[in-house]
Structures are given as structure tokens and as C-alpha cells.
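Enquirer: Structure file data30.tsv (TSV, C-alpha atoms and all ligand atoms) right here:
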chain	number	residue	atom	x	y	z
A	1	MET	CA	10.04	0.91	-31.61
A	2	THR	CA	10.93	2.38	-28.21
A	3	ASP	CA	14.31	4.13	-28.33
A	4	VAL	CA	15.80	2.84	-25.07
A	5	ALA	CA	18.80	5.17	-24.95
A	6	ALA	CA	16.72	8.24	-25.82
A	7	THR	CA	14.11	7.35	-23.20
A	8	LEU	CA	16.78	6.98	-20.51
A	9	ASN	CA	18.29	10.27	-21.56
A	10	GLU	CA	14.93	12.03	-21.38
A	11	LEU	CA	14.37	10.63	-17.89
A	12	ARG	CA	17.80	11.87	-16.78
A	13	CYS	CA	17.17	15.34	-18.22
A	14	ALA	CA	13.80	15.56	-16.44
A	15	GLY	CA	15.23	14.44	-13.09
A	16	LEU	CA	13.11	11.29	-13.27
A	17	TYR	CA	15.79	8.62	-13.79
A	18	ARG	CA	15.50	5.80	-11.25
A	19	GLU	CA	18.11	3.42	-9.91
A	20	LEU	CA	17.85	0.41	-7.61
A	21	ARG	CA	19.51	0.81	-4.23
A	22	VAL	CA	20.81	-2.32	-2.51
A	23	ILE	CA	19.98	-2.93	1.16
A	24	GLU	CA	22.81	-4.96	2.69
A	25	SER	CA	21.00	-6.23	5.81
A	26	ALA	CA	17.61	-7.61	6.84
A	27	GLN	CA	14.69	-5.15	7.03
A	28	GLY	CA	14.24	-3.25	10.29
A	29	PRO	CA	14.16	0.27	11.76
A	30	ARG	CA	17.85	0.51	10.76
A	31	VAL	CA	19.41	-1.12	7.71
A	32	ARG	CA	22.81	-1.13	6.02
A	33	LEU	CA	23.02	0.92	2.87
A	34	ASP	CA	26.28	1.61	1.02
A	35	GLY	CA	28.21	0.12	3.92
A	36	ARG	CA	26.65	2.38	6.58
A	37	GLU	CA	23.84	1.87	9.07
A	38	VAL	CA	20.94	4.23	8.36
A	39	ILE	CA	17.51	4.81	9.91
A	40	LEU	CA	15.01	3.34	7.46
A	41	LEU	CA	12.08	5.71	7.08
A	42	CYS	CA	10.45	4.55	3.85
A	43	SER	CA	9.49	0.90	4.34
A	44	ASN	CA	5.94	-0.47	4.47
A	45	ASP	CA	6.99	-3.01	7.11
A	46	TYR	CA	4.67	-1.07	9.45
A	47	LEU	CA	4.78	-3.52	12.36
A	48	GLY	CA	8.38	-4.66	12.04
A	49	LEU	CA	7.34	-8.21	11.14
A	50	ALA	CA	9.42	-8.78	7.98
A	51	ASN	CA	12.42	-9.91	10.03
A	52	HIS	CA	10.57	-11.12	13.14
A	53	PRO	CA	11.87	-14.47	14.46
A	54	ALA	CA	8.36	-15.97	14.38
A	55	LEU	CA	8.01	-15.24	10.66
A	56	ARG	CA	11.55	-16.36	9.88
A	57	GLY	CA	10.97	-19.58	11.80
A	58	ALA	CA	7.60	-20.25	10.18
A	59	ALA	CA	9.08	-19.74	6.71
A	60	ALA	CA	12.06	-21.99	7.48
A	61	ASP	CA	9.85	-24.75	8.92
A	62	ALA	CA	7.46	-24.55	5.98
A	63	ALA	CA	10.38	-24.79	3.55
A	64	GLN	CA	11.48	-27.99	5.31
A	65	LYS	CA	7.99	-29.49	5.45
A	66	TRP	CA	6.33	-28.21	2.27
A	67	GLY	CA	9.25	-27.24	0.04
A	68	ALA	CA	10.33	-23.97	-1.54
A	69	GLY	CA	7.70	-23.66	-4.23
A	70	ALA	CA	4.08	-24.52	-5.03
A	71	GLY	CA	4.95	-25.83	-8.47
A	72	ALA	CA	1.77	-24.86	-10.32
A	73	SER	CA	-1.17	-22.47	-10.36
A	74	ARG	CA	-3.79	-23.02	-7.69
A	75	LEU	CA	-6.36	-24.46	-10.10
A	76	VAL	CA	-3.91	-27.06	-11.35
A	77	SER	CA	-1.95	-28.57	-8.46
A	78	GLY	CA	-0.43	-25.64	-6.53
A	79	ASN	CA	-3.23	-25.18	-3.98
A	80	MET	CA	-1.88	-26.60	-0.71
A	81	LEU	CA	-3.27	-26.93	2.80
A	82	LEU	CA	-1.35	-23.82	3.87
A	83	HIS	CA	-3.15	-21.68	1.27
A	84	SER	CA	-6.57	-22.78	2.54
A	85	GLU	CA	-5.49	-22.22	6.14
A	86	LEU	CA	-4.32	-18.68	5.43
A	87	GLU	CA	-7.51	-17.89	3.48
A	88	ALA	CA	-9.64	-19.03	6.42
A	89	GLU	CA	-7.62	-16.97	8.91
A	90	ILE	CA	-7.76	-13.81	6.81
A	91	ALA	CA	-11.50	-14.20	6.17
A	92	ALA	CA	-12.09	-14.45	9.94
A	93	PHE	CA	-9.76	-11.48	10.61
A	94	LYS	CA	-11.61	-9.31	8.09
A	95	ALA	CA	-15.07	-10.68	9.03
A	96	TYR	CA	-15.86	-11.87	5.49
A	97	ASP	CA	-17.22	-15.28	4.39
A	98	ARG	CA	-14.45	-15.95	1.91
A	99	CYS	CA	-10.88	-14.96	1.17
A	100	VAL	CA	-9.01	-15.67	-2.07
A	101	LEU	CA	-5.21	-15.43	-2.17
A	102	PHE	CA	-3.36	-13.79	-5.05
A	103	GLY	CA	0.34	-13.62	-5.96
A	104	SER	CA	0.65	-9.93	-4.98
A	105	GLY	CA	-1.45	-6.83	-4.40
A	106	PHE	CA	-0.63	-5.72	-7.92
A	107	LEU	CA	-1.97	-8.99	-9.32
A	108	ALA	CA	-5.03	-8.92	-7.02
A	109	ASN	CA	-6.12	-5.47	-8.19
A	110	ILE	CA	-5.66	-6.31	-11.84
A	111	GLY	CA	-7.41	-9.68	-11.49
A	112	VAL	CA	-10.38	-8.45	-9.48
A	113	ILE	CA	-11.08	-5.26	-11.44
A	114	ALA	CA	-10.69	-6.86	-14.87
A	115	ALA	CA	-12.94	-9.76	-13.78
A	116	LEU	CA	-15.67	-7.49	-12.43
A	117	ALA	CA	-15.85	-4.72	-15.02
A	118	GLY	CA	-16.80	-5.99	-18.45
A	119	ARG	CA	-17.69	-4.43	-21.78
A	120	GLY	CA	-20.57	-1.95	-21.57
A	121	GLU	CA	-19.90	-1.31	-17.88
A	122	VAL	CA	-18.24	1.59	-16.04
A	123	VAL	CA	-15.40	1.71	-13.48
A	124	LEU	CA	-15.07	4.79	-11.27
A	125	SER	CA	-11.58	5.24	-9.83
A	126	ASP	CA	-10.06	7.92	-7.54
A	127	GLU	CA	-7.32	9.85	-9.37
A	128	LEU	CA	-4.76	8.95	-6.68
A	129	ASN	CA	-5.47	5.21	-6.66
A	130	HIS	CA	-2.45	2.91	-6.82
A	131	ALA	CA	-0.87	2.05	-10.19
A	132	SER	CA	-2.19	-1.53	-9.95
A	133	ILE	CA	-5.76	-0.19	-9.83
A	134	VAL	CA	-5.00	2.03	-12.80
A	135	ASP	CA	-3.69	-1.02	-14.68
A	136	GLY	CA	-6.72	-3.07	-13.57
A	137	CYS	CA	-8.96	-0.39	-15.09
A	138	ARG	CA	-6.89	-0.46	-18.29
A	139	GLN	CA	-7.29	-4.23	-18.57
A	140	ALA	CA	-11.00	-4.18	-17.82
A	141	ARG	CA	-13.15	-3.81	-20.91
A	142	ALA	CA	-15.31	-1.25	-19.16
A	143	GLU	CA	-15.18	2.53	-19.60
A	144	THR	CA	-13.07	4.12	-16.84
A	145	ILE	CA	-14.05	7.39	-15.20
A	146	VAL	CA	-11.32	8.90	-13.02
A	147	TYR	CA	-12.79	11.19	-10.35
A	148	ALA	CA	-10.92	13.95	-8.51
A	149	HIS	CA	-9.24	12.80	-5.31
A	150	ARG	CA	-11.81	12.11	-2.55
A	151	ASP	CA	-14.31	14.33	-4.41
A	152	MET	CA	-17.76	12.91	-3.76
A	153	THR	CA	-19.49	15.41	-6.05
A	154	ALA	CA	-17.26	14.19	-8.88
A	155	LEU	CA	-17.97	10.56	-7.99
A	156	GLU	CA	-21.71	11.17	-7.97
A	157	HIS	CA	-21.43	12.97	-11.29
A	158	GLY	CA	-19.63	9.90	-12.70
A	159	LEU	CA	-22.30	7.57	-11.36
A	160	ARG	CA	-25.01	9.68	-13.01
A	161	TYR	CA	-23.04	9.63	-16.27
A	162	ALA	CA	-22.97	5.82	-16.04
A	163	ALA	CA	-26.74	6.11	-16.46
A	164	GLY	CA	-28.02	2.62	-15.85
A	165	ARG	CA	-24.87	0.79	-16.95
A	166	PRO	CA	-23.44	-1.54	-14.27
A	167	ALA	CA	-20.88	0.46	-12.27
A	168	LEU	CA	-17.89	-0.52	-10.14
A	169	ILE	CA	-16.29	1.97	-7.72
A	170	VAL	CA	-12.65	1.29	-6.78
A	171	THR	CA	-10.69	3.15	-4.14
A	172	ASP	CA	-7.62	2.85	-1.95
A	173	ALA	CA	-8.65	2.88	1.73
A	174	VAL	CA	-5.41	4.65	2.73
A	175	PHE	CA	-3.85	6.44	-0.23
A	176	SER	CA	-0.36	5.08	-0.62
A	177	MET	CA	1.60	8.25	-1.35
A	178	ASP	CA	-0.38	10.73	0.76
A	179	GLY	CA	-1.50	8.60	3.70
A	180	ASP	CA	-4.99	10.11	3.76
A	181	LEU	CA	-8.20	8.09	4.00
A	182	ALA	CA	-10.96	7.54	1.47
A	183	PRO	CA	-14.33	8.99	2.62
A	184	LEU	CA	-15.63	5.44	2.77
A	185	GLU	CA	-19.00	6.06	4.43
A	186	GLN	CA	-19.91	8.56	1.72
A	187	ILE	CA	-18.65	6.25	-1.03
A	188	VAL	CA	-20.74	3.39	0.40
A	189	GLU	CA	-23.78	5.66	0.50
A	190	LEU	CA	-23.29	6.67	-3.15
A	191	ALA	CA	-22.67	3.05	-4.19
A	192	ARG	CA	-25.88	1.99	-2.46
A	193	ARG	CA	-27.93	4.82	-3.97
A	194	HIS	CA	-26.69	4.13	-7.50
A	195	GLY	CA	-26.58	0.32	-7.24
A	196	ALA	CA	-22.81	0.24	-7.85
A	197	ARG	CA	-20.36	-2.46	-6.70
A	198	LEU	CA	-17.52	-1.37	-4.45
A	199	VAL	CA	-13.92	-2.64	-4.24
A	200	VAL	CA	-11.65	-1.21	-1.51
A	201	ASP	CA	-7.87	-1.71	-1.50
A	202	GLU	CA	-6.65	-1.97	2.09
A	203	ALA	CA	-2.96	-2.43	1.22
A	204	HIS	CA	-1.97	0.36	3.65
A	205	ALA	CA	-4.92	-0.10	6.03
A	206	THR	CA	-4.45	-3.78	6.96
A	207	GLY	CA	-2.46	-3.96	10.19
A	208	VAL	CA	-2.50	-0.17	10.33
A	209	VAL	CA	-6.03	1.20	10.70
A	210	GLY	CA	-8.99	0.20	12.87
A	211	PRO	CA	-9.39	-2.07	15.87
A	212	GLY	CA	-6.46	-4.51	16.02
A	213	GLY	CA	-5.38	-3.30	12.56
A	214	ARG	CA	-8.42	-4.88	10.89
A	215	GLY	CA	-8.63	-2.05	8.38
A	216	LEU	CA	-10.84	0.90	7.52
A	217	VAL	CA	-13.82	-1.19	6.37
A	218	ALA	CA	-13.86	-2.99	9.75
A	219	ALA	CA	-13.32	0.27	11.65
A	220	LEU	CA	-16.49	1.66	10.07
A	221	GLY	CA	-18.43	-1.64	10.24
A	222	LEU	CA	-18.96	-1.66	6.49
A	223	GLU	CA	-18.23	-5.34	5.77
A	224	HIS	CA	-21.72	-5.88	4.36
A	225	GLU	CA	-21.47	-2.85	2.09
A	226	VAL	CA	-18.07	-3.39	0.49
A	227	ASP	CA	-18.18	-6.19	-2.10
A	228	VAL	CA	-14.45	-6.91	-2.21
A	229	VAL	CA	-11.71	-5.87	0.22
A	230	ILE	CA	-8.23	-6.31	-1.19
A	231	GLY	CA	-5.12	-6.39	0.98
A	232	THR	CA	-1.48	-7.27	0.67
A	233	LEU	CA	0.62	-9.64	2.76
A	234	GLY	CA	3.78	-7.75	1.82
A	235	LYS	CA	3.43	-4.67	4.00
A	236	ALA	CA	2.19	-4.78	7.64
A	237	LEU	CA	1.95	-8.58	7.59
A	238	GLY	CA	5.66	-8.89	6.85
A	239	SER	CA	5.57	-11.47	4.04
A	240	TYR	CA	4.50	-11.38	0.37
A	241	GLY	CA	1.32	-12.02	-1.61
A	242	ALA	CA	-2.20	-10.64	-1.35
A	243	PHE	CA	-5.85	-11.44	-0.78
A	244	ALA	CA	-9.39	-10.50	-1.74
A	245	CYS	CA	-12.15	-10.88	0.88
A	246	CYS	CA	-15.73	-11.19	-0.29
A	247	ASN	CA	-18.85	-13.37	-0.02
A	248	ARG	CA	-18.84	-17.02	-1.11
A	249	ALA	CA	-20.36	-16.46	-4.55
A	250	MET	CA	-17.90	-13.67	-5.32
A	251	GLY	CA	-15.05	-15.91	-4.15
A	252	GLU	CA	-16.09	-18.65	-6.57
A	253	PHE	CA	-16.47	-16.04	-9.30
A	254	LEU	CA	-12.91	-14.77	-8.74
A	255	VAL	CA	-11.50	-18.31	-8.75
A	256	ASN	CA	-13.22	-18.83	-12.11
A	257	ARG	CA	-12.63	-15.43	-13.68
A	258	ALA	CA	-9.61	-13.61	-12.20
A	259	ARG	CA	-6.91	-14.25	-14.80
A	260	THR	CA	-4.03	-13.25	-12.49
A	261	LEU	CA	-5.09	-16.04	-10.12
A	262	ILE	CA	-5.87	-18.63	-12.77
A	263	TYR	CA	-2.73	-18.23	-14.85
A	264	SER	CA	-0.06	-17.66	-12.20
A	265	THR	CA	1.85	-20.01	-9.88
A	266	ALA	CA	0.49	-20.26	-6.32
A	267	LEU	CA	2.37	-18.47	-3.52
A	268	PRO	CA	5.37	-20.47	-2.21
A	269	PRO	CA	4.74	-22.35	1.09
A	270	PRO	CA	7.39	-20.42	3.13
A	271	THR	CA	5.77	-17.13	2.11
A	272	VAL	CA	2.29	-18.36	3.08
A	273	ALA	CA	3.55	-19.72	6.41
A	274	ALA	CA	5.27	-16.40	7.18
A	275	ALA	CA	2.02	-14.53	6.45
A	276	LEU	CA	0.14	-16.89	8.76
A	277	ALA	CA	2.70	-16.20	11.50
A	278	GLY	CA	2.44	-12.44	10.86
A	279	LEU	CA	-1.34	-12.52	11.13
A	280	LYS	CA	-1.14	-14.58	14.32
A	281	LEU	CA	1.26	-12.04	15.87
A	282	LEU	CA	-0.99	-9.17	14.83
A	283	CYS	CA	-4.01	-10.83	16.50
A	284	GLU	CA	-2.07	-11.78	19.65
A	285	GLU	CA	-0.20	-8.49	20.01
A	286	PRO	CA	-2.54	-5.64	19.07
A	287	ALA	CA	-0.24	-3.31	21.03
A	288	ARG	CA	1.98	-3.34	17.92
A	289	VAL	CA	-0.72	-1.33	16.16
A	290	THR	CA	-1.14	1.17	18.99
A	291	ARG	CA	2.64	1.58	19.09
A	292	LEU	CA	2.54	2.29	15.36
A	293	TRP	CA	-0.06	5.03	15.90
A	294	ARG	CA	1.96	6.52	18.78
A	295	ASN	CA	5.13	6.55	16.66
A	296	ALA	CA	3.30	8.07	13.70
A	297	LEU	CA	2.01	10.88	15.89
A	298	LEU	CA	5.47	11.39	17.41
A	299	LEU	CA	7.09	11.67	13.97
A	300	ARG	CA	4.41	14.12	12.87
A	301	THR	CA	4.79	16.20	16.05
A	302	GLU	CA	8.58	16.30	15.68
A	303	LEU	CA	8.28	17.40	12.05
A	304	ALA	CA	5.66	20.06	12.87
A	305	ALA	CA	7.91	21.41	15.64
A	306	ARG	CA	10.56	21.93	12.95
A	307	GLY	CA	8.23	23.87	10.68
A	308	PHE	CA	6.93	21.16	8.37
A	309	ALA	CA	3.27	21.50	7.40
A	310	VAL	CA	2.12	18.02	8.45
A	311	GLU	CA	-1.23	17.13	9.97
A	312	GLN	CA	-1.29	15.90	13.54
A	313	ASN	CA	-2.86	12.46	13.29
A	314	GLU	CA	-1.87	8.81	13.70
A	315	MET	CA	-1.41	7.85	10.06
A	316	PRO	CA	2.12	6.46	9.50
A	317	ILE	CA	2.57	7.66	5.89
A	318	VAL	CA	3.82	11.25	6.07
A	319	PRO	CA	4.53	13.06	2.79
A	320	ILE	CA	7.08	15.90	2.85
A	321	PHE	CA	6.34	17.80	-0.33
A	322	VAL	CA	9.27	19.23	-2.25
A	323	GLY	CA	7.75	19.80	-5.70
A	324	ASP	CA	10.64	19.56	-8.13
A	325	PRO	CA	11.94	16.01	-8.72
A	326	ARG	CA	15.63	16.97	-8.66
A	327	SER	CA	15.21	18.83	-5.38
A	328	ALA	CA	13.44	15.80	-3.88
A	329	VAL	CA	16.42	13.63	-4.79
A	330	GLU	CA	18.78	16.23	-3.32
A	331	VAL	CA	16.85	16.28	-0.03
A	332	CYS	CA	16.97	12.48	0.06
A	333	GLU	CA	20.75	12.41	-0.56
A	334	GLN	CA	21.34	15.14	1.99
A	335	ALA	CA	19.36	13.23	4.66
A	336	LEU	CA	21.36	10.12	3.84
A	337	ARG	CA	24.53	12.00	4.78
A	338	ASP	CA	22.98	12.16	8.26
A	339	ARG	CA	22.10	8.46	8.05
A	340	VAL	CA	18.37	8.80	7.41
A	341	PHE	CA	16.93	6.99	4.41
A	342	ALA	CA	13.65	8.32	3.01
A	343	GLN	CA	13.44	7.63	-0.72
A	344	ALA	CA	12.41	10.48	-3.02
A	345	ILE	CA	9.11	9.74	-4.77
A	346	ARG	CA	8.68	11.36	-8.19
A	347	PRO	CA	6.29	11.25	-11.16
A	348	PRO	CA	4.71	9.14	-12.49
A	349	THR	CA	4.29	7.59	-9.00
A	350	VAL	CA	2.94	10.97	-7.84
A	351	PRO	CA	1.45	13.83	-9.92
A	352	ALA	CA	3.83	16.30	-11.61
A	353	GLY	CA	4.93	19.10	-9.29
A	354	THR	CA	4.37	17.03	-6.13
A	355	SER	CA	7.68	15.15	-5.82
A	356	ARG	CA	8.20	14.33	-2.20
A	357	LEU	CA	9.83	12.29	0.46
A	358	ARG	CA	7.28	9.73	1.63
A	359	LEU	CA	8.14	9.01	5.23
A	360	VAL	CA	6.79	5.98	7.03
A	361	ALA	CA	6.90	5.55	10.80
A	362	THR	CA	6.80	1.96	12.02
A	363	SER	CA	5.97	0.42	15.39
A	364	VAL	CA	9.59	-0.66	15.85
A	365	HIS	CA	11.28	2.72	15.51
A	366	SER	CA	12.50	4.07	18.82
A	367	GLU	CA	11.51	7.59	19.86
A	368	ASP	CA	15.17	8.60	19.48
A	369	GLU	CA	15.28	7.31	15.92
A	370	LEU	CA	12.18	9.29	14.97
A	371	ARG	CA	13.54	12.47	16.60
A	372	GLN	CA	16.89	11.99	14.89
A	373	ALA	CA	15.10	11.49	11.57
A	374	ALA	CA	13.04	14.67	11.97
A	375	ARG	CA	16.22	16.64	12.79
A	376	ALA	CA	18.05	15.25	9.76
A	377	LEU	CA	15.13	15.94	7.43
A	378	SER	CA	14.81	19.48	8.68
A	379	LYS	CA	18.49	20.08	8.00
A	380	ALA	CA	18.27	18.34	4.62
A	381	THR	CA	15.30	20.35	3.39
A	382	GLN	CA	16.79	23.66	4.53
A	383	TYR	CA	20.02	22.81	2.76
A	384	ALA	CA	18.63	21.29	-0.42
A	385	SER	CA	15.15	22.73	-0.83
A	386	PRO	CA	14.18	25.62	1.45
A	387	GLN	CA	10.62	25.70	0.07
A	388	ALA	CA	9.83	22.19	1.39
A	389	HIS	CA	9.00	23.58	4.83
A	390	GLN	CA	6.36	25.96	3.58
A	391	LEU	CA	4.48	23.56	1.31
B	401	LIG	C1	-2.56	0.83	-2.51
B	401	LIG	C2	-1.71	-0.31	-3.00
B	401	LIG	N1	-2.31	-1.34	-3.61
B	401	LIG	C3	-1.59	-2.39	-4.06
B	401	LIG	C4	-0.23	-2.43	-3.93
B	401	LIG	C5	0.54	-3.59	-4.48
B	401	LIG	O1	0.75	-4.54	-3.48
B	401	LIG	P1	1.95	-5.59	-3.64
B	401	LIG	O2	3.18	-4.86	-3.20
B	401	LIG	O3	1.55	-6.71	-2.76
B	401	LIG	O4	2.00	-5.96	-5.07
B	401	LIG	C6	0.43	-1.40	-3.29
B	401	LIG	C7	1.90	-1.50	-3.08
B	401	LIG	O5	2.71	-0.78	-3.38
B	401	LIG	C8	-0.32	-0.29	-2.84
B	401	LIG	O6	0.29	0.75	-2.29
Let me see whether you can do it: turn the structure in this file into C-alpha cells.
Expert:
Amino acid sequence: MTDVAATLNELRCAGLYRELRVIESAQGPRVRLDGREVILLCSNDYLGLANHPALRGAAADAAQKWGAGAGASRLVSGNMLLHSELEAEIAAFKAYDRCVLFGSGFLANIGVIAALAGRGEVVLSDELNHASIVDGCRQARAETIVYAHRDMTALEHGLRYAAGRPALIVTDAVFSMDGDLAPLEQIVELARRHGARLVVDEAHATGVVGPGGRGLVAALGLEHEVDVVIGTLGKALGSYGAFACCNRAMGEFLVNRARTLIYSTALPPPTVAAALAGLKLLCEEPARVTRLWRNALLLRTELAARGFAVEQNEMPIVPIFVGDPRSAVEVCEQALRDRVFAQAIRPPTVPAGTSRLRLVATSVHSEDELRQAARALSKATQYASPQAHQL
């Protein structure tokens, strides 16, 4: 039996104990935390849509018209007009024939991977894939091969090892804790050569990467090569829930086989309506995405000017490596004293020895806020963890 008290004690001793913080305002570039306004630099609300009036209004109207909940799973009686409408809009946005909604990105990854990788088959998964992909692999009855991060030689080696068994490759498009991209063209090429299926998780690519925020698969024109594109509605799209885009047959297969869709209540109407409004805004105002890229580059430039080893590109996830988990928490607390909130990320979310602050620039931060944040983080790392600059 798990010893709860001993486990908590071990976590405290290792600097890995976690506590929930309470945000006392709506989401935005600044939020209230512990009674003070702080610059929020660790949210995935990339386009500032979570508290946009259009999404708030759509959710409120949907609650009035359709009610607060869906009442049942989609295959029983929870599938409402709004769900079909959102699926059609997302399929068009991603240039796929079919889209299937799920309760969350976590549920989508588990449902899709476990449905597609059966006994006697092989799943190949990047070592830095999101926890939900890891859990999807655990639930699948297939053998899982974890390949080194973005290492195509290792992936090819795994595909050879699969030796004729059906293989499924799964990768994040944008890796959630590092912000780097999967080498998707090379992965597609390997999948094609070895006859493997390919699932790409665009949780941090949707609304963020590619023309109009259509994602990495769209940016590279690989829609016909990637069997399933997963995305979440809870990050750039400002709402909650998730989707899988695929061809019609695969869509029917998921509806019949993905247990996290079959055995879970459909998304609530206000949530679906908010996602529809978020997607509409994204399509009508693509400048939000270019502003996101500009802000990401600005944050990176400001950090580099203060000695941080960050790459100069337009990806909004910017890891500031600290190493030791306790030092990462200290840097976070120190930055909070200067009213900048960037949560410390520690194992098991990231590998041991790579605790970090995971910064996220959004399209709604002002230039001043990003400069102020870089200044505060520079001061915080020098005070709490001098080595953070050199890593
Ligand atoms: C790469 C990736 N996939 C899936 C998820 C899960 O998505 P959701 O928050 O919708 O459950 C996340 C979110 O943290 C993620 O980073």
C-alpha cells in the first residue's frame, strides 16, 4: 500500500513537492496572485483568447441556449449540433476530411494511441513526448520503443527492430517543455519507408506555428502523410477539450474504438461554443499569430541581451534551465518578488537535472511587460542560481 505521508516527505526532501497556486483573476498577460498583480509568463493561452469577450459571450449564450452540460457520452445522447459544427470547422482549418472531438488532449492521446496500437504491434515514441502520450503507450497493448529526443537514427533503428510488425510513430510537433520542433519531414520519410502509421500531437503548434496558426503539419504540407493530428482546445484556442483530425475511415474507427471518447461525457456546450468562437477569431485575425511570433522573438532577444543562452527564433516556449529543482523554485519565488510569475518545472515533468523555468510569451503581452519580465528573471537567476545564465 502506498505510504502517503512517507511519499510526501520524500518529495519534500528531494525538492519535488508540488502545491496548487490560486489565480484570483481571469487569465491574461497580468493576473492576481496572492493579492498582487503579476506578469503571467507561464500560461499556454498563447493568443490571449481565454478571457476574450467573444469567447465569454459565446460560452454565455450557449449556456442559455444549450445548457451547462451535455448529459451523456457522445455515443449515447451527448452529441449535440455544436459538437458537429466544431468538428467540421476544425477539419476545414486543418485540411483533413474528419475531426473527432475528445474531452481533453490528455484523453485524446490516450484514446488514439491505445486504439491504434494493439497486441503484437510496436509504438515508437520520442523520449520527450508529453505525459499523455507516455500514458497512451502504457495503455496500448503494443511494445513501446522510446527513441532519443529528435534522433532519427534511433527512430530508424527502432523501426528496423519492429521487423515487419505493424508500427505506430507518435511525436509532439512542438515539444511542450523545450519548445523545439519535431523533425517532421524526416519522420514522415521514415514512416513511409517502413510502412508505419504516424500520429502528431499539435497541442503547442495549433494557433502557434504555420500559416494562420494551422500547425506544423500544415506548414510543411504533410496532411496526406500524417494519419492523425491531435490538438487541444485548451491552449491557443482559449477553451477546453481536444480533437483528432484524420480521414473518414480513421474517424469512424476512433468513434468505435477510442475508449476515452466512448466512455466519457461529451464536452459541455459553453466550452464547445467558446472553442468555435476562438477558432473563428484565429481565422479572422491571423495577425494574432504574427504578434505572438514577434513577442516570442522579443522575449528571447531581451533574455539573450542579459546573458541567457536562448536561441533566437519565434517559438513562444522558452526554457531557462536551472538544473537543481530547489534552485528552480528559488528563482521562481525570487522573480515573483518582482511581480513576474514563471512556474518552476521539475521532474518528473522534465528529466532529472533539467529543472527549469518554462517561459511562455503570448500575443497579448506588451513589449514593456516582456522587457520587465526579462529584467526580473535576470535578477532572480543571479540572486538564486548564478549558474542558470551559463546553461
Ligand atoms: C504536448 C501536449 N499534449 C497534450 C496535452 C494535454 O492537453 P489538455 O491540456 O487538453 O489535456 C498537453 C498539455 O499539457 C501537451 O503539452
Enquirer: Could you tell me how far atom CA of A:Asp368 lies from atom CA of A:Pro29, in Å and to one decimal?
Expert: 11.4 Å
Enquirer: Applying 8 Å and only C-alpha atoms, which residues near A:Arg150 remain after dropping the ones on its own chain fewer than 5 positions away? List them as a list of chain:residue names.
Expert: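 Surrounding residues, per the criterion: A:Asp126, A:Ala182, A:Pro183.
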Enquirer: My list of candidates is A:Glu185, A:Asp227, A:Asp34, A:Asp61. Which is closest to A:Met152 when distances are computed with all atoms listed in the file?
Expert: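 Checking each candidate against A:Met152, we get A:Glu185 as the closest.
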Enquirer: Find the residue from A:Thr7, A:Gln334, A:Gln372, A:Gln343 that sits nearest to A:Arg21; use all atoms listed in the file when measuring.
Expert: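 The closest residue to A:Arg21 is A:Gln343.
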Enquirer: Which is closer to ligand LIG 401 (chain B) than all the others in A:Gly111, A:Gly118, A:Gly67, A:Pro166, using only C-alpha atoms and all ligand atoms?
Expert: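 Checking each of A:Gly111, A:Gly118, A:Gly67, A:Pro166 against ligand LIG 401 (chain B), counting only C-alpha atoms and all ligand atoms, the winner is A:Gly111.
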Enquirer: Quick one: distance from atom CA of A:Thr153 to atom CA of A:Pro319 in Å, one decimal?
Expert: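 Computing it gives 25.7 Å between the two atoms.
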Enquirer: Give one line per residue of chain A that approaches ligand LIG 401 (chain B) to at most 7 Å, naming the two atoms of the closest pair and their distance in Å to one decimal, counting all atoms listed in the file; sort by chain then ascending residue number and deliver it as JSON lines.
Expert:
{"residue": "A:Ser104", "atom": "CA", "partner": "B:LIG401", "partner_atom": "O3", "distance": 4.0}
{"residue": "A:Gly105", "atom": "CA", "partner": "B:LIG401", "partner_atom": "O1", "distance": 3.3}
{"residue": "A:Phe106", "atom": "CA", "partner": "B:LIG401", "partner_atom": "O4", "distance": 3.9}
{"residue": "A:Leu107", "atom": "CA", "partner": "B:LIG401", "partner_atom": "O4", "distance": 6.6}
{"residue": "A:Asn109", "atom": "CA", "partner": "B:LIG401", "partner_atom": "C3", "distance": 6.9}
{"residue": "A:Asn129", "atom": "CA", "partner": "B:LIG401", "partner_atom": "C1", "distance": 6.7}
{"residue": "A:His130", "atom": "CA", "partner": "B:LIG401", "partner_atom": "C1", "distance": 4.8}
{"residue": "A:Ser132", "atom": "CA", "partner": "B:LIG401", "partner_atom": "C3", "distance": 6.0}
{"residue": "A:Asp172", "atom": "CA", "partner": "B:LIG401", "partner_atom": "C1", "distance": 5.5}
{"residue": "A:Phe175", "atom": "CA", "partner": "B:LIG401", "partner_atom": "C1", "distance": 6.2}
{"residue": "A:Ser176", "atom": "CA", "partner": "B:LIG401", "partner_atom": "O6", "distance": 4.7}
{"residue": "A:Asp201", "atom": "CA", "partner": "B:LIG401", "partner_atom": "N1", "distance": 6.0}
{"residue": "A:Glu202", "atom": "CA", "partner": "B:LIG401", "partner_atom": "C1", "distance": 6.8}
{"residue": "A:Ala203", "atom": "CA", "partner": "B:LIG401", "partner_atom": "C2", "distance": 4.9}
{"residue": "A:His204", "atom": "CA", "partner": "B:LIG401", "partner_atom": "C1", "distance": 6.2}
{"residue": "A:Thr232", "atom": "CA", "partner": "B:LIG401", "partner_atom": "O3", "distance": 4.6}
{"residue": "A:Leu233", "atom": "CA", "partner": "B:LIG401", "partner_atom": "O3", "distance": 6.3}
{"residue": "A:Gly234", "atom": "CA", "partner": "B:LIG401", "partner_atom": "O3", "distance": 5.2}
{"residue": "A:Tyr240", "atom": "CA", "partner": "B:LIG401", "partner_atom": "O3", "distance": 6.3}
{"residue": "A:Gly241", "atom": "CA", "partner": "B:LIG401", "partner_atom": "O3", "distance": 5.4}
{"residue": "A:Ala242", "atom": "CA", "partner": "B:LIG401", "partner_atom": "O3", "distance": 5.6}
Enquirer: Using only C-alpha atoms, which residues sit within 12 Å of A:Glu284 once same-chain residues fewer than 6 positions away are excluded, as a PDB file with C-alpha atoms, in the coordinates of the input?
Expert:
ATOM      1  CA  PHE A  93      -9.760 -11.480  10.610  1.00  0.00           C
ATOM      2  CA  GLY A 212      -6.460  -4.510  16.020  1.00  0.00           C
ATOM      3  CA  GLY A 213      -5.380  -3.300  12.560  1.00  0.00           C
ATOM      4  CA  ALA A 277       2.700 -16.200  11.500  1.00  0.00           C
ATOM      5  CA  GLY A 278       2.440 -12.440  10.860  1.00  0.00           C
TER       6      GLY A 278
END
Enquirer: Got a sec: who's within 6 Å of A:Ala266, counting only C-alpha atoms, leaving out chain neighbours fewer than 5 positions off, as a list in words?
Expert: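 Neighbouring residues, sequence-local ones excluded: Ala70, Ser73, Arg74 and Gly78 of chain A.
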Enquirer: For atom CA of A:Thr260 and atom CA of A:Cys42, determine how far apart the two atoms are, in Å to one decimal place.
Expert: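 These two atoms are separated by 28.2 Å.
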Enquirer: Find the residues near stretch 349-353 of chain A: any atom within 12 Å, counting only C-alpha atoms, skip ones fewer than 6 places away on the same chain, and give them as a ChimeraX atom specification.
Expert: /A:14-16,18,127-132,134,149,175-178,319,321-328,391
Enquirer: Rank nothing, just name the residue among A:Pro316, A:Gly158, A:Pro347, A:Pro53 nearest to A:Val122, using only C-alpha atoms.
Expert: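 Smallest distance to A:Val122 is found for A:Gly158.
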